[in-house]
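Here's my_file08.pdb, which has PDB, C-alpha atoms and all ligand atoms:
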ATOM      1  CA  MET A   1     -33.630  23.224 -44.258
ATOM      2  CA  LYS A   2     -33.312  26.365 -42.095
ATOM      3  CA  GLU A   3     -37.014  27.100 -42.267
ATOM      4  CA  LEU A   4     -37.936  23.511 -41.397
ATOM      5  CA  ASN A   5     -35.173  23.190 -38.789
ATOM      6  CA  ILE A   6     -33.523  20.238 -40.537
ATOM      7  CA  GLY A   7     -30.003  19.394 -39.388
ATOM      8  CA  TRP A   8     -28.668  17.252 -42.211
ATOM      9  CA  ALA A   9     -29.678  16.113 -45.683
ATOM     10  CA  GLY A  10     -28.297  13.729 -48.275
ATOM     11  CA  GLY A  11     -27.159  10.136 -47.866
ATOM     12  CA  VAL A  12     -27.877   9.524 -51.558
ATOM     13  CA  GLY A  13     -26.587  10.605 -54.968
ATOM     14  CA  ALA A  14     -27.403  13.989 -56.481
ATOM     15  CA  PRO A  15     -31.125  13.976 -57.312
ATOM     16  CA  TYR A  16     -30.860  16.259 -60.366
ATOM     17  CA  GLY A  17     -28.496  16.744 -63.263
ATOM     18  CA  PRO A  18     -25.586  17.342 -63.633
ATOM     19  CA  TRP A  19     -25.570  14.460 -61.105
ATOM     20  CA  ASP A  20     -22.726  15.918 -59.101
ATOM     21  CA  THR A  21     -22.753  16.148 -55.287
ATOM     22  CA  GLN A  22     -20.047  18.820 -55.190
ATOM     23  CA  PRO A  23     -22.429  21.821 -55.378
ATOM     24  CA  TYR A  24     -24.466  20.357 -52.500
ATOM     25  CA  SER A  25     -21.315  19.957 -50.388
ATOM     26  CA  GLN A  26     -20.248  23.492 -51.182
ATOM     27  CA  LEU A  27     -23.634  24.898 -50.268
ATOM     28  CA  LEU A  28     -24.337  22.853 -47.141
ATOM     29  CA  GLY A  29     -20.884  21.960 -45.744
ATOM     30  CA  ASN A  30     -21.153  19.548 -42.789
ATOM     31  CA  ARG A  31     -24.922  19.566 -43.117
ATOM     32  CA  TYR A  32     -24.676  17.606 -46.330
ATOM     33  CA  ILE A  33     -24.288  13.822 -46.042
ATOM     34  CA  ALA A  34     -22.169  13.186 -49.112
ATOM     35  CA  THR A  35     -21.937   9.715 -50.642
ATOM     36  CA  ALA A  36     -20.639   8.053 -53.796
ATOM     37  CA  GLY A  37     -21.966   5.238 -55.929
ATOM     38  CA  GLN A  38     -25.617   5.861 -56.749
ATOM     39  CA  VAL A  39     -25.159   7.714 -60.005
ATOM     40  CA  ALA A  40     -22.302   5.427 -61.110
ATOM     41  CA  LEU A  41     -24.443   2.314 -60.589
ATOM     42  CA  THR A  42     -27.371   3.792 -62.477
ATOM     43  CA  ASP A  43     -25.031   4.697 -65.355
ATOM     44  CA  ILE A  44     -23.725   1.130 -65.422
ATOM     45  CA  TYR A  45     -27.281  -0.195 -65.393
ATOM     46  CA  ARG A  46     -28.412   2.095 -68.236
ATOM     47  CA  ARG A  47     -25.562   0.984 -70.466
ATOM     48  CA  LYS A  48     -24.955  -2.628 -69.400
ATOM     49  CA  GLY A  49     -28.041  -3.803 -67.530
ATOM     50  CA  VAL A  50     -28.146  -5.994 -64.431
ATOM     51  CA  LYS A  51     -25.197  -8.034 -65.739
ATOM     52  CA  GLY A  52     -23.149  -4.825 -65.650
ATOM     53  CA  ILE A  53     -24.114  -4.054 -62.031
ATOM     54  CA  GLU A  54     -22.944  -7.563 -61.090
ATOM     55  CA  ASP A  55     -19.697  -7.401 -63.089
ATOM     56  CA  ALA A  56     -16.820  -6.562 -60.751
ATOM     57  CA  SER A  57     -14.382  -6.364 -63.662
ATOM     58  CA  LEU A  58     -16.013  -3.354 -65.356
ATOM     59  CA  PRO A  59     -13.658  -0.381 -65.705
ATOM     60  CA  GLU A  60     -16.546   1.765 -64.407
ATOM     61  CA  TYR A  61     -16.221  -0.027 -61.065
ATOM     62  CA  ALA A  62     -12.462   0.543 -60.967
ATOM     63  CA  LEU A  63     -13.138   4.261 -61.507
ATOM     64  CA  LEU A  64     -15.850   4.341 -58.838
ATOM     65  CA  ILE A  65     -13.597   2.603 -56.306
ATOM     66  CA  GLU A  66     -10.718   4.936 -57.064
ATOM     67  CA  GLU A  67     -13.035   7.919 -56.659
ATOM     68  CA  ALA A  68     -14.590   6.586 -53.445
ATOM     69  CA  ASN A  69     -11.147   5.926 -51.915
ATOM     70  CA  ARG A  70     -10.036   9.424 -52.831
ATOM     71  CA  LEU A  71     -13.197  11.066 -51.440
ATOM     72  CA  PHE A  72     -13.124   9.021 -48.222
ATOM     73  CA  ALA A  73      -9.443   9.886 -47.734
ATOM     74  CA  ALA A  74     -10.244  13.594 -48.176
ATOM     75  CA  LYS A  75     -13.211  13.206 -45.748
ATOM     76  CA  GLN A  76     -15.515  14.375 -48.533
ATOM     77  CA  ILE A  77     -17.945  11.449 -48.296
ATOM     78  CA  LYS A  78     -19.478   9.587 -45.354
ATOM     79  CA  GLY A  79     -20.632   6.477 -47.141
ATOM     80  CA  LEU A  80     -21.806   4.777 -50.317
ATOM     81  CA  GLY A  81     -25.265   4.844 -51.776
ATOM     82  CA  GLU A  82     -28.046   4.827 -52.293
ATOM     83  CA  LEU A  83     -27.154   1.604 -54.095
ATOM     84  CA  ILE A  84     -30.361   0.670 -55.889
ATOM     85  CA  LEU A  85     -30.199  -3.101 -56.194
ATOM     86  CA  ASN A  86     -33.804  -4.233 -56.140
ATOM     87  CA  ASN A  87     -36.537  -1.719 -56.976
ATOM     88  CA  GLN A  88     -38.713  -3.917 -59.156
ATOM     89  CA  ASN A  89     -41.919  -2.895 -57.406
ATOM     90  CA  SER A  90     -40.735   0.278 -55.741
ATOM     91  CA  ASN A  91     -39.975   2.558 -58.657
ATOM     92  CA  PRO A  92     -42.719   3.742 -60.989
ATOM     93  CA  ASN A  93     -40.335   4.173 -63.939
ATOM     94  CA  SER A  94     -39.818   0.843 -65.722
ATOM     95  CA  SER A  95     -36.539   1.966 -67.314
ATOM     96  CA  PHE A  96     -35.155   2.480 -63.797
ATOM     97  CA  GLN A  97     -36.382  -0.853 -62.360
ATOM     98  CA  ARG A  98     -33.842  -3.575 -61.705
ATOM     99  CA  LYS A  99     -33.041  -6.571 -59.518
ATOM    100  CA  ALA A 100     -29.350  -7.302 -59.093
ATOM    101  CA  LYS A 101     -27.481  -9.690 -56.817
ATOM    102  CA  ILE A 102     -26.626  -7.771 -53.632
ATOM    103  CA  ASP A 103     -23.729 -10.035 -52.617
ATOM    104  CA  SER A 104     -22.113 -10.161 -56.068
ATOM    105  CA  PRO A 105     -18.338  -9.602 -56.221
ATOM    106  CA  ALA A 106     -19.090  -6.184 -57.741
ATOM    107  CA  ILE A 107     -20.990  -5.008 -54.656
ATOM    108  CA  ILE A 108     -18.630  -6.839 -52.287
ATOM    109  CA  GLN A 109     -15.747  -4.695 -53.559
ATOM    110  CA  LEU A 110     -17.776  -1.602 -52.591
ATOM    111  CA  LEU A 111     -18.315  -3.057 -49.105
ATOM    112  CA  GLU A 112     -14.554  -3.506 -48.874
ATOM    113  CA  VAL A 113     -14.124   0.219 -49.532
ATOM    114  CA  ALA A 114     -16.746   1.089 -46.887
ATOM    115  CA  LYS A 115     -15.050  -1.237 -44.400
ATOM    116  CA  ARG A 116     -11.643   0.289 -45.084
ATOM    117  CA  TRP A 117     -12.881   3.837 -44.396
ATOM    118  CA  GLU A 118     -15.496   2.953 -41.759
ATOM    119  CA  GLY A 119     -18.281   4.379 -43.899
ATOM    120  CA  PHE A 120     -21.902   3.289 -44.199
ATOM    121  CA  VAL A 121     -23.639   1.660 -47.172
ATOM    122  CA  ASN A 122     -27.204   2.683 -48.025
ATOM    123  CA  ILE A 123     -29.051   0.044 -50.063
ATOM    124  CA  HIS A 124     -32.450   0.221 -51.729
ATOM    125  CA  ALA A 125     -33.834  -3.313 -51.901
ATOM    126  CA  GLU A 126     -37.155  -5.017 -51.401
ATOM    127  CA  ASP A 127     -38.267  -7.834 -49.124
ATOM    128  CA  GLU A 128     -38.120 -10.495 -51.837
ATOM    129  CA  PRO A 129     -36.537 -13.582 -50.150
ATOM    130  CA  GLY A 130     -33.505 -13.722 -52.485
ATOM    131  CA  SER A 131     -32.619 -10.079 -51.842
ATOM    132  CA  VAL A 132     -33.140 -10.541 -48.093
ATOM    133  CA  GLN A 133     -30.773 -13.523 -48.040
ATOM    134  CA  GLU A 134     -28.156 -11.549 -49.978
ATOM    135  CA  LEU A 135     -28.471  -8.651 -47.517
ATOM    136  CA  GLU A 136     -27.996 -11.108 -44.673
ATOM    137  CA  ASN A 137     -24.882 -12.451 -46.383
ATOM    138  CA  ILE A 138     -23.247  -9.022 -46.650
ATOM    139  CA  ALA A 139     -24.313  -7.960 -43.144
ATOM    140  CA  ALA A 140     -22.715 -11.118 -41.730
ATOM    141  CA  ALA A 141     -19.563 -10.766 -43.845
ATOM    142  CA  TYR A 142     -19.086  -7.051 -43.006
ATOM    143  CA  PRO A 143     -20.137  -6.678 -39.357
ATOM    144  CA  SER A 144     -18.278  -3.357 -39.001
ATOM    145  CA  VAL A 145     -20.088  -1.725 -41.948
ATOM    146  CA  PRO A 146     -23.459  -0.118 -41.166
ATOM    147  CA  ILE A 147     -25.946  -1.398 -43.763
ATOM    148  CA  ILE A 148     -28.789   1.108 -44.018
ATOM    149  CA  LEU A 149     -31.932  -0.363 -45.558
ATOM    150  CA  ALA A 150     -33.480   2.501 -47.519
ATOM    151  CA  HIS A 151     -37.257   2.787 -46.963
ATOM    152  CA  CYS A 152     -36.894  -0.135 -44.528
ATOM    153  CA  LEU A 153     -37.011  -2.552 -47.504
ATOM    154  CA  PHE A 154     -40.476  -1.260 -48.456
ATOM    155  CA  THR A 155     -41.733  -4.181 -46.455
ATOM    156  CA  SER A 156     -44.913  -4.518 -44.423
ATOM    157  CA  ASN A 157     -43.442  -7.554 -42.689
ATOM    158  CA  VAL A 158     -42.476  -6.217 -39.262
ATOM    159  CA  SER A 159     -41.430  -9.658 -38.055
ATOM    160  CA  LEU A 160     -38.907  -9.840 -40.909
ATOM    161  CA  ILE A 161     -37.392  -6.494 -39.854
ATOM    162  CA  ASP A 162     -37.481  -7.572 -36.202
ATOM    163  CA  ARG A 163     -35.568 -10.722 -37.124
ATOM    164  CA  LEU A 164     -32.980  -8.869 -39.251
ATOM    165  CA  LEU A 165     -32.331  -6.157 -36.637
ATOM    166  CA  SER A 166     -32.096  -8.762 -33.874
ATOM    167  CA  LYS A 167     -29.662 -10.919 -35.807
ATOM    168  CA  TYR A 168     -27.458  -8.245 -37.452
ATOM    169  CA  PRO A 169     -26.320  -5.404 -35.169
ATOM    170  CA  ASN A 170     -25.022  -3.506 -38.225
ATOM    171  CA  MET A 171     -28.404  -3.270 -40.000
ATOM    172  CA  TYR A 172     -30.470  -0.077 -39.839
ATOM    173  CA  CYS A 173     -33.794   1.089 -41.260
ATOM    174  CA  GLU A 174     -34.353   4.413 -42.975
ATOM    175  CA  MET A 175     -38.034   5.411 -43.033
ATOM    176  CA  SER A 176     -38.413   7.707 -46.055
ATOM    177  CA  ALA A 177     -41.269   7.136 -48.508
ATOM    178  CA  ARG A 178     -43.167   5.222 -45.823
ATOM    179  CA  ASN A 179     -45.475   8.189 -45.201
ATOM    180  CA  GLU A 180     -48.821   8.917 -46.778
ATOM    181  CA  SER A 181     -47.936  12.240 -48.445
ATOM    182  CA  MET A 182     -45.361  10.546 -50.685
ATOM    183  CA  TYR A 183     -48.191   8.988 -52.701
ATOM    184  CA  ASN A 184     -49.911  12.058 -54.035
ATOM    185  CA  ASN A 185     -52.005  10.684 -56.862
ATOM    186  CA  GLN A 186     -54.660   8.012 -56.945
ATOM    187  CA  PHE A 187     -52.560   5.503 -58.872
ATOM    188  CA  ALA A 188     -49.521   5.850 -56.607
ATOM    189  CA  LYS A 189     -51.694   5.691 -53.506
ATOM    190  CA  GLN A 190     -53.468   2.538 -54.637
ATOM    191  CA  HIS A 191     -50.122   0.888 -55.422
ATOM    192  CA  ALA A 192     -48.694   1.885 -52.012
ATOM    193  CA  GLU A 193     -51.812   0.684 -50.229
ATOM    194  CA  ARG A 194     -51.882  -2.600 -52.110
ATOM    195  CA  LEU A 195     -48.276  -3.283 -51.104
ATOM    196  CA  ASP A 196     -48.898  -1.964 -47.588
ATOM    197  CA  TRP A 197     -46.082   0.603 -47.683
ATOM    198  CA  ILE A 198     -47.675   3.415 -45.722
ATOM    199  CA  VAL A 199     -46.623   3.309 -42.084
ATOM    200  CA  PHE A 200     -47.547   6.837 -40.936
ATOM    201  CA  ASP A 201     -49.515   9.914 -41.945
ATOM    202  CA  ASP A 202     -50.143  13.334 -40.354
ATOM    203  CA  LYS A 203     -51.212  11.876 -37.027
ATOM    204  CA  LYS A 204     -51.065   8.113 -36.967
ATOM    205  CA  LEU A 205     -48.297   5.523 -36.772
ATOM    206  CA  ARG A 206     -49.174   1.880 -37.367
ATOM    207  CA  PRO A 207     -49.226   0.148 -33.952
ATOM    208  CA  ASN A 208     -47.125  -2.800 -35.172
ATOM    209  CA  TRP A 209     -44.449  -0.379 -36.453
ATOM    210  CA  LYS A 210     -44.522   1.598 -33.211
ATOM    211  CA  GLU A 211     -43.859  -1.649 -31.382
ATOM    212  CA  LEU A 212     -41.051  -2.577 -33.794
ATOM    213  CA  ILE A 213     -39.315   0.815 -33.502
ATOM    214  CA  GLU A 214     -39.644   0.884 -29.706
ATOM    215  CA  LYS A 215     -38.102  -2.594 -29.605
ATOM    216  CA  HIS A 216     -35.097  -1.394 -31.669
ATOM    217  CA  PRO A 217     -34.846   2.323 -30.836
ATOM    218  CA  THR A 218     -31.217   2.681 -31.932
ATOM    219  CA  ARG A 219     -31.804   1.264 -35.417
ATOM    220  CA  PHE A 220     -34.233   3.614 -37.197
ATOM    221  CA  MET A 221     -33.735   6.968 -38.890
ATOM    222  CA  VAL A 222     -35.937   9.415 -40.772
ATOM    223  CA  GLY A 223     -35.723  10.656 -44.348
ATOM    224  CA  THR A 224     -37.749  12.611 -46.885
ATOM    225  CA  ASP A 225     -36.794  10.977 -50.217
ATOM    226  CA  THR A 226     -36.916  14.294 -52.090
ATOM    227  CA  PHE A 227     -36.030  12.577 -55.341
ATOM    228  CA  ASN A 228     -38.274  14.683 -57.499
ATOM    229  CA  SER A 229     -39.540  18.248 -57.564
ATOM    230  CA  TRP A 230     -43.108  17.094 -56.948
ATOM    231  CA  VAL A 231     -42.241  15.707 -53.516
ATOM    232  CA  ASP A 232     -43.854  18.000 -50.937
ATOM    233  CA  VAL A 233     -40.980  18.282 -48.453
ATOM    234  CA  LYS A 234     -42.892  20.414 -45.970
ATOM    235  CA  LYS A 235     -45.690  17.891 -45.835
ATOM    236  CA  ALA A 236     -43.252  14.978 -45.508
ATOM    237  CA  VAL A 237     -41.487  16.709 -42.610
ATOM    238  CA  ARG A 238     -44.837  17.470 -40.977
ATOM    239  CA  GLN A 239     -45.782  13.796 -41.217
ATOM    240  CA  ILE A 240     -42.387  12.655 -39.896
ATOM    241  CA  ARG A 241     -42.834  14.901 -36.863
ATOM    242  CA  GLY A 242     -46.580  14.570 -36.282
ATOM    243  CA  GLY A 243     -47.186  11.006 -37.431
ATOM    244  CA  LEU A 244     -43.936   9.190 -36.680
ATOM    245  CA  LEU A 245     -41.882  10.942 -33.967
ATOM    246  CA  GLN A 246     -44.870  12.247 -31.981
ATOM    247  CA  ASN A 247     -46.116   8.688 -31.525
ATOM    248  CA  LEU A 248     -42.833   7.355 -30.129
ATOM    249  CA  SER A 249     -41.546   7.695 -26.578
ATOM    250  CA  PRO A 250     -39.495  10.913 -26.169
ATOM    251  CA  GLU A 251     -36.241   8.924 -25.813
ATOM    252  CA  THR A 252     -36.903   6.869 -28.951
ATOM    253  CA  ALA A 253     -38.079   9.932 -30.897
ATOM    254  CA  LYS A 254     -34.754  11.714 -30.228
ATOM    255  CA  LEU A 255     -32.801   8.711 -31.441
ATOM    256  CA  VAL A 256     -34.898   8.255 -34.584
ATOM    257  CA  ALA A 257     -35.054  11.994 -35.376
ATOM    258  CA  SER A 258     -31.295  12.500 -35.473
ATOM    259  CA  GLU A 259     -29.156  10.753 -32.859
ATOM    260  CA  ASN A 260     -29.017   7.422 -34.698
ATOM    261  CA  ALA A 261     -28.088   9.106 -37.965
ATOM    262  CA  ILE A 262     -25.454  11.270 -36.224
ATOM    263  CA  ARG A 263     -23.858   8.180 -34.687
ATOM    264  CA  VAL A 264     -24.134   5.785 -37.648
ATOM    265  CA  MET A 265     -23.222   8.256 -40.399
ATOM    266  CA  LYS A 266     -20.714  10.172 -38.222
ATOM    267  CA  LEU A 267     -22.391  13.519 -38.815
ATOM    268  CA  GLU A 268     -20.878  16.732 -37.529
ATOM    269  CA  PRO A 269     -22.673  19.908 -36.471
TER     270      PRO A 269
HETATM  271 ZN    ZN B 301     -34.744   4.467 -52.682
END

If you took the structure in this file and wrote it as structure tokens, what would it be?
Amino acid sequence: MKELNIGWAGGVGAPYGPWDTQPYSQLLGNRYIATAGQVALTDIYRRKGVKGIEDASLPEYALLIEEANRLFAAKQIKGLGELILNNQNSNPNSSFQRKAKIDSPAIIQLLEVAKRWEGFVNIHAEDEPGSVQELENIAAAYPSVPIILAHCLFTSNVSLIDRLLSKYPNMYCEMSARNESMYNNQFAKQHAERLDWIVFDDKKLRPNWKELIEKHPTRFMVGTDTFNSWVDVKKAVRQIRGGLLQNLSPETAKLVASENAIRVMKLEP
């Protein structure tokens, strides 16, 4: 982070075992964006499937909520997530793929926690109409909770995002894994190209995305999605700076680079 001049990192669960964010917090202090929920939801999914993720009465949820309340109260987390609720096409590992109801009572109780502590919720979903409707339902029901759409829903439908951002002032887009370097083998690249995921590379930003971001400059933020050791962070950062930020107006670039994240996730220097 020092070498690459990166201010903050996190916003998701711990990417490696022992699946604990504490060491990251200890190492990075205020520069770490600590959250709760991602690892707990994946554990529930592994043992109880989609039904488990949607089951508000599970004791695992009671534990998660107790933990989240405690961590929010101690100012040790900023939000919840990444809650992976629909990644049917956007995760290569079939044992990790799932599609759960985003406005189920189980997830609603997590939104209640976020509302209580004024934290954000980071959700990985796709642009499948059912998931979009469920996201709209929670955004409307919890207008004070920032709903961050991880990877901007992995959608290529800029008019969908335009509509969502126009209608729901509490929705935001996070742009990780929308850059070319994320897809580093032929198979992954073909998949990403088929689904039209790649928005920017070393130099170029898709014109329709440039237009979308300039229309909603306060609603986008950058990310690297360093979820695996093979992710080339330096290359991702180079693409974020050279392909995404460089192609935006200076005012918009500042907002997208850090100011939106600082404001929405209440980051401290
Ligand atoms: Zn994700």

**Item:** Two-atom distance - CA of Asp127 in chain A, CA of Asp232 in chain A (Å)
**Value:** 26.5 Å

**Message:** Under the PyMOL selection byres (((chain A and resi 159-164) around 12) and not hetatm), which residues of this model are included? Write them out as number ranges by chain.
**Reply:** A: 126-129, 132-133, 135-137, 139-140, 147-149, 151-158, 165-174, 208-217, 219-220

**Message:** Evaluate the PyMOL selection byres (((chain A and resi 8) around 8) and not hetatm) against this structure - the residues, as a ChimeraX atom specification, please.
**Reply:** /A:6-7,9-10,30-33

**Request:** Taking only C-alpha atoms and all ligand atoms into account, report as a count of residues only which residues have an atom no farther than 8 Å from an atom of ligand ZN 301 (chain B).
**Result:** 10

**Request:** Can you turn the PyMOL selection byres (((chain A and resi 78) around 6) and not hetatm) into a concrete residue list for this file, as JSON, numbers by chain?
**Result:** {"A": [34, 35, 77, 79, 119]}

Keeping only C-alpha atoms, take the residues you just selected and write them out as a compact mmCIF listing (two decimals), keeping the file's coordinate frame.
# COMPACT_ATOMS: atom_id res chain seq x y z
CA ALA A 34 -22.17 13.19 -49.11
CA THR A 35 -21.94 9.72 -50.64
CA ILE A 77 -17.94 11.45 -48.30
CA GLY A 79 -20.63 6.48 -47.14
CA GLY A 119 -18.28 4.38 -43.90

**Message:** Under the rule that all atoms listed in the file are counted, which of A:Asn260, A:Thr42, A:Ser95, A:Gln76 is the nearest residue to Glu60 in chain A?
**Reply:**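 The shortest atom-to-atom distance to Glu60 in chain A comes from A:Thr42.
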
**Prompt:** Got a sec: who's within 12 Å of Leu41 in chain A, counting all atoms listed in the file, leaving out chain neighbours fewer than 2 positions off, as a ChimeraX atom specification?
**Reply:** /A:13,36-39,43-56,58,60-61,63-65,80-85,96,98,100,106-107,110,123

Around all the atoms of range 78-88 of chain A listed in the file, draw an axis-aligned box and extend it by 4 Å on each of the six sides; I want its centre and edge lengths in Å to one decimal, as JSON.
{"center_x": -29.1, "center_y": 2.7, "center_z": -52.3, "size_x": 27.2, "size_y": 21.8, "size_z": 21.8}

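Distance-wise, CA of Phe187 in chain A and CA of Val199 in chain A end up 17.9 Å apart.
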
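The gap separating CA of Trp19 in chain A from CA of Ala73 in chain A is 21.4 Å, in Å to one decimal.
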
**Asked** Counting only C-alpha atoms, which of A:Pro105, A:Leu205, A:Gly29, A:Pro15 gets nearest to Pro269 in chain A?
**Response** A:Gly29
